[in-house]
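Structure first, then comments.
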Amino acid sequence: MSNDYKHPSRAGVVSDDDFDRALRARHRDAAASLSPRVQAQLQQRLRASRMPAAPARQQNAAWGLALACSLALVLVVGIHRRATGDMPATPVAATSNTDANELVATLDEAPDLYLWLASDDANNMLSE
Amino acid sequence: MKSPTTIGFVFVLALAAAPAFAAPPAPAPLPAWDQLSPAQRDLVIAPLRDRWNADPQTRARLFQHAQRWQQLTPEQRARMRHGLGKWEHMDPQQRETTRALFHKMRDLTPEQRTALREQWRRMTPEQRRAWVDGNRPPAD
C-alpha cells in the first residue's frame, strides 16, 4: 500500500491534485486486493449498466412483431372465409334452399293424403 | 418462467385473432311475406315456379292442391306438415302403398273401411303388393 497520502490534520494544507492522487492510489490498492471472482462480477455489472437501451429496443421489436402477426392472421382467416363461402349468406337464400323441397312436395300430393298419413289409421296400417 | 414480453405477445395475438375465429353472427329474423322484397319472394318461390313450368300436364293438379290447402284450418295444416314429414322419409314402394290405401279408404263407408283394415291386417306382404297393384289410384 502506498503511503503518499497525508491527512490534512497531520500534514497541514494539501492541494486538490495531491488529494486526488492519494485517493486514486487508495482505490488501486483496494481494487488489486479483490478476488478474481468479485472482479469479474463487477465488470459484468458495469457492462450491463452501460447498455440500458438494448433491452428496450428488443421489447419494442417484440410488440411490433406481435401486432404484425395478429393483423396478418386476421387478414388470412378473413380471406379464407370469404373464399370458402364461410361468410353468412343472405337469410332468404338459406331459407329457400332448406324449404324448397317441402314447398314443392306440399302441392305435389293431395293435402288430404298428408293429413291421412298423420292419422292413427295410417300409422296402424302402414307400420304392420 | 415466461417474460412479460412473451405474455404480452400471446395476449395481443389472442385478442386480435378472436373475432376471426368467432362464430358467424346469427342471421336477422326474416319479416312476414308481405314485408319481403320482390326479389326475396322470387327467390323463395323459385322451386315452385320451376315445378309449374316443367310439366304443363300437372298444373291443374297443383292448382287443385293449392286450393284445398287454403281450405285447411291452421290445426289441419300443422298435421299435414307432420304427414309430409313422414312422406319424405318413405321409399317409392311405401309411397305407392300409401297412395293406394288413401284413395281406397277415402271412397269407402266407415263399415267398409273397418273391413279393409281387417283384410289388410291378415294379408301377407305378397298379397299386399298384389292389392296395391290392383288398386292404383287414377291420375288426378
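Following the order of the C-alpha cells, first chain is A, next is B, and so on, with residues numbered from 1 inside each chain and ligands from 1 in the order they appear.
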
Task: Residue set, chain B restricted to helix (DSSP H, G or I), as a PyMOL selection string - done: chain B and resi 4-21+33-35+38-54+56-71+74-88+92-106+110-122+125-134

Open item on the list: List the spatial neighbours of segment 118-127 of chain A as JSON, numbers by chain - criterion: any atom at most 10 Å away, only C-alpha atoms, same-chain residues fewer than 5 positions off excluded.
Closed with: {"A": [112, 113], "B": [78, 79, 80, 81, 82, 83, 84, 85, 86, 87, 94, 97, 98, 101, 102, 113, 116, 117, 118, 120, 121]}

Output file for the selection above: C-alpha atoms, as a tab-separated table (two decimals), in the first residue's frame:
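Output file part.tsv is given in full below:
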chain	number	residue	atom	x	y	z
A	112	ASP	CA	-105.63	-34.81	-47.59
A	113	LEU	CA	-103.15	-37.61	-48.27
B	78	ALA	CA	-99.91	-28.46	-38.80
B	79	ARG	CA	-101.00	-32.12	-39.03
B	80	MET	CA	-100.43	-32.03	-42.78
B	81	ARG	CA	-96.86	-30.93	-42.22
B	82	HIS	CA	-96.42	-33.88	-39.85
B	83	GLY	CA	-97.71	-36.24	-42.56
B	84	LEU	CA	-95.47	-34.58	-45.12
B	85	GLY	CA	-92.51	-35.25	-42.86
B	86	LYS	CA	-93.35	-38.96	-42.81
B	87	TRP	CA	-93.86	-38.94	-46.58
B	94	GLN	CA	-94.06	-47.26	-49.44
B	97	THR	CA	-98.83	-48.30	-50.94
B	98	THR	CA	-99.81	-45.09	-49.15
B	101	LEU	CA	-104.64	-47.13	-49.38
B	102	PHE	CA	-105.52	-43.44	-49.03
B	113	ARG	CA	-113.04	-49.11	-44.02
B	116	LEU	CA	-110.48	-53.23	-45.31
B	117	ARG	CA	-108.38	-52.65	-42.18
B	118	GLU	CA	-109.15	-56.17	-41.03
B	120	TRP	CA	-105.16	-55.64	-44.69
B	121	ARG	CA	-104.10	-56.89	-41.28

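Near Glu96 of chain B, within 12 Å and counting only C-alpha atoms, sit Glu109, Leu113 and Leu126 of chain A; Trp87, Met90, Asp91, Pro92, Ala100, Leu101, Phe102, His103, Arg128, Arg129, Ala130, Trp131, Val132, Asp133, Gly134, Asn135, Arg136 and Pro137 of chain B; same-chain residues fewer than 4 positions away were not included.
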